[in-house]
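Structure first, then comments.
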Amino acid sequence: MARNENEKMENNTRLVYQIAEVAAMLGLSRNAAYQAVQRGEIPAIRIGKRLLVPKASLFKLLGEPKD
């Protein structure tokens, strides 16, 4: 299986994204994404030291279908 196919499958099954991934999706710098989380503009949850963005919340915020 090609790398792009693996990435597509992984993106369909993942429930959360790291802040850096969300930043790349939105065309933001990593720091800008962290600041948006602090302001409450991007929904995020903390698990231990990790800050994660739930896929469902992100797509709901953007008004796009999850698939």
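FYI, nothing fancy with the structure tokens labels: chains A, B, ... in order, residues from 1 per chain, ligands from 1 as they appear.
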- Task: Fewer than 2 positions away in the same chain doesn't count, so skip those; otherwise give me all residues within 12 Å of region 24-32 of chain A, counting only C-alpha atoms, as a VMD selection string.
- Result: chain A and resid 11 17 to 22 34 to 39 41 to 42 55 58 to 59 61 to 62
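Note that the spacing between CA of Glu64 (chain A) and CA of Leu51 (chain A) amounts to 22.3 Å.
Taking CA of Lys49 (chain A) as the reference point, CA of Gly63 (chain A) is found at 28.6 Å.
For the atom pair formed by CA of Gly40 (chain A) and CA of Ala23 (chain A), the distance is 14.7 Å, given to one decimal.
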